[in-house]
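Taking it in order: structure first as structure tokens, then the write-up.
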Amino acid sequence: MKAVKRVYDARELLWNFTLRELRTKYRRSFLGWTWSLLNPLAAVAIYGFVFGIVFRAAPPVGDPSGIDNFALFLVAGLIPWSFFSLVNNLGLGSIAANSALVKRVAFPREILVFSNVLHACVQFAIELTLLCIIFALAGSPFFPWIPMIVLTAVLLAIFGAGIALVLAALAVYFRDLNYLWLIVLQAWFFATPIVYPPSLVEEAIRERPRVPDWTLDVLNANPMAAFVRVFRVLLYDGTGPGMTTWFGLVAVSFVSLAGGWWIFSKLSPRFAEEA
């Protein structure tokens, strides 16, 4: 609780760091913040072409929305994943990129990580708003579930912040973590049912003996798979998940934040020496 109070007391500094990140994000870029929309849309176009047209992947029909569109199925999972990836990539370099500040000024080091998380949240809010507009035009009856969409986004930010704290702390001591994490993210991406429906894994296990049974266990134990599934249920299906799913998301989010903050606190005393 002391760490939380330190960050709260320094909330003005947190706000200033966040504004700094937002101002410098696309400085001197011709399109500016438009890139925050173009990047995920380009990814949807590429994956949609490869998996939806070339491989003819068939998305499940939204229930009760009746939506049957692979691009919409894809974007409902890809936008949350892009946010999670951005939170961790920004958080990873939070301390190392501000080594001069860490060495000279005394302040809660967590603020550097949380400012990047808030910066990513602003971009995610823009993308999520666009996503809601797209699904509204597609006829998804998600409007009663808008508070739950916001709640899921907040829980995803909390979950990502916990991992970002761990990455930021470890990156001070292990400079190769940046390259290693890119590999981990690639593997994690394909272990999450974003470009394919979860039913495809179950079907592969039944029909192909070479596909190990533990593949489904990995999928079920993957927290990001749960977040992607909930976003799809809310937006693509236009309904809400059960209470067990909500309790699971809340638990994994706050365990991630508490565990990540604890590791960060244990490693932070030597940041000034190692950064």
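By order in the structure tokens, chains are A, B, ...; within a chain, residues start at 1; ligands start at 1, following the order shown.
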
Nearby residues (only C-alpha atoms) at most 7 Å from region 140-147 of chain A, same-chain spacing under 2 positions excluded, as a PyMOL selection string: chain A and resi 65+135-136+138+149-151+234-240

Write a file of the selected residues as a PDB file, in the first residue's frame, keeping C-alpha atoms.
ATOM      1  CA  SER A  65     -25.689 -10.515 -33.719  1.00  0.00           C
ATOM      2  CA  PHE A 135     -19.595  -2.888 -35.078  1.00  0.00           C
ATOM      3  CA  ALA A 136     -22.538  -0.513 -34.690  1.00  0.00           C
ATOM      4  CA  ALA A 138     -22.398  -3.890 -38.835  1.00  0.00           C
ATOM      5  CA  ILE A 149     -16.492  -3.166 -22.755  1.00  0.00           C
ATOM      6  CA  VAL A 150     -14.949  -0.293 -20.779  1.00  0.00           C
ATOM      7  CA  LEU A 151     -14.457  -2.569 -17.753  1.00  0.00           C
ATOM      8  CA  LEU A 234     -19.195  -8.269 -26.292  1.00  0.00           C
ATOM      9  CA  LEU A 235     -18.628  -6.774 -29.746  1.00  0.00           C
ATOM     10  CA  TYR A 236     -18.873  -9.549 -32.341  1.00  0.00           C
ATOM     11  CA  ASP A 237     -21.670 -11.515 -30.636  1.00  0.00           C
ATOM     12  CA  GLY A 238     -23.315  -8.537 -28.964  1.00  0.00           C
ATOM     13  CA  THR A 239     -23.860 -10.251 -25.637  1.00  0.00           C
ATOM     14  CA  GLY A 240     -22.017 -10.739 -22.342  1.00  0.00           C
TER      15      GLY A 240
END

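The protein and nucleic acid residues lying at most 12 Å from Arg270 (chain A) are Ile95, Ser99, Val102, Lys103, Arg109, Ala169, Leu170, Val172, Tyr173, Phe264, Ser265, Lys266, Glu274 and Ala275 of chain A, with only C-alpha atoms considered and sequence neighbours fewer than 4 positions away removed.
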
Using only C-alpha atoms, please write the residues we just selected to a file, as a PDB file, in the first residue's frame.
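Output file out-v7.pdb is given in full below:
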ATOM      1  CA  ILE A  95      13.583   2.828 -16.911  1.00  0.00           C
ATOM      2  CA  SER A  99      18.522   6.445 -17.025  1.00  0.00           C
ATOM      3  CA  VAL A 102      16.670   7.868 -12.614  1.00  0.00           C
ATOM      4  CA  LYS A 103      20.256   8.573 -11.534  1.00  0.00           C
ATOM      5  CA  ARG A 109      10.195   4.851 -10.468  1.00  0.00           C
ATOM      6  CA  ALA A 169      12.682  -3.852 -13.994  1.00  0.00           C
ATOM      7  CA  LEU A 170      14.350  -6.821 -15.681  1.00  0.00           C
ATOM      8  CA  VAL A 172      17.657  -2.657 -16.431  1.00  0.00           C
ATOM      9  CA  TYR A 173      19.703  -5.755 -15.593  1.00  0.00           C
ATOM     10  CA  PHE A 264       9.546  -4.067  -9.490  1.00  0.00           C
ATOM     11  CA  SER A 265       9.841  -2.894  -5.871  1.00  0.00           C
ATOM     12  CA  LYS A 266      12.393  -5.604  -5.095  1.00  0.00           C
ATOM     13  CA  GLU A 274      22.505  -0.323 -13.160  1.00  0.00           C
ATOM     14  CA  ALA A 275      20.569   1.987 -15.497  1.00  0.00           C
TER      15      ALA A 275
END

Would you kindly return, as a list in words, each protein, DNA or RNA residue with an atom no farther than 10 Å from any atom of Leu19 (chain A), considering only C-alpha atoms and excluding same-chain residues fewer than 4 positions away?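 Here the answer would be Leu13, Leu14, Trp15, Arg23, Thr24, Lys25, Ser115, Asn116, Leu118 and His119 of chain A.
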
Which of region 38-159 of chain A DSSP labels alpha helix (DSSP H), written as a PyMOL selection string: chain A and resi 38-47+70-92+99-104+110-138+146-159

I'd like the neighbourhood of Val7 (chain A) as a short mmCIF file (atom, residue, chain, number, x, y, z; two decimals) with C-alpha atoms, in the first residue's frame, where a residue qualifies if any of its atoms comes within 12 Å (using only C-alpha atoms), though same-chain residues fewer than 3 positions away should be ignored.
data_model
loop_
_atom_site.label_atom_id
_atom_site.label_comp_id
_atom_site.auth_asym_id
_atom_site.auth_seq_id
_atom_site.Cartn_x
_atom_site.Cartn_y
_atom_site.Cartn_z
CA MET A 1 0.00 0.00 0.00
CA LYS A 2 2.95 2.33 0.58
CA ALA A 3 3.93 2.03 -3.08
CA VAL A 4 0.39 2.90 -4.15
CA ALA A 10 3.16 11.97 -7.19
CA ARG A 11 0.10 11.91 -9.47
CA GLU A 12 0.89 15.36 -10.88
CA LEU A 13 4.30 14.09 -11.98
CA LEU A 14 2.61 11.04 -13.50
CA TRP A 15 0.31 13.30 -15.47
CA PHE A 107 10.81 9.97 -7.41
CA PRO A 108 8.67 6.80 -7.58
CA ARG A 109 10.19 4.85 -10.47
CA GLU A 110 6.86 3.18 -11.20
CA ILE A 111 5.64 6.48 -12.62
CA LEU A 112 7.81 6.00 -15.69
CA VAL A 113 6.06 2.71 -16.42
CA PHE A 114 2.56 3.93 -15.60
CA SER A 115 2.97 7.03 -17.78
CA TRP A 261 4.67 -4.30 -8.65
#

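Between Val166 (chain A) and the candidates A:Ile46, A:Leu267, A:Cys132, A:Met243, the tightest atom-to-atom separation, counting only C-alpha atoms, involves A:Leu267.
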
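Of note, CA of Ala225 (chain A) and CA of Thr192 (chain A) are spaced 5.0 Å apart.
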
Interatomic distance (Å, one decimal) between CA of Leu90 (chain A) and CA of Ala120 (chain A): 8.2 Å

Pick from A:Ile133, A:Leu180, A:Leu219, A:Val230: nearest to Ala153 (chain A), with only C-alpha atoms counted?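 Closest to Ala153 (chain A) of all the choices is A:Val230.
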
Using only C-alpha atoms, which of A:Ala76, A:Leu22, A:Tyr8, A:Asp63 sits nearest Arg232 (chain A)?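 Answer, going by the shortest atom-to-atom distance: A:Ala76.
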
Can you pull out the residues contacting region 193-197 of chain A? Cut-off 12 Å, using only C-alpha atoms, and skip same-chain residues under 6 positions away; I want them as an NGL selection string. :A and (43-52 or 55-61 or 70-82 or 187 or 203-204 or 215-216 or 218-220 or 222-232)

Please list as a PyMOL selection string every residue within 9 Å of Leu167 (chain A), counting only C-alpha atoms and excluding residues in the same chain fewer than 5 positions away. chain A and resi 88-89+91-93+162+172+177-178+181+260+264

Would you kindly return, as a list in words, each protein, DNA or RNA residue with an atom no farther than 9 Å from any atom of Ala100 (chain A), considering only C-alpha atoms and excluding same-chain residues fewer than 4 positions away? Ala96, Arg104, Val105, Ala272 and Ala275 of chain A

Could you check which of A:Phe83, A:Trp262, A:Phe159, A:Tyr179 is closest to Leu249 (chain A), using only C-alpha atoms?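 Under the stated criterion, the closest residue is A:Phe159.
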
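Going from CA of Ala97 (chain A) to CA of Trp188 (chain A) covers 25.1 Å.
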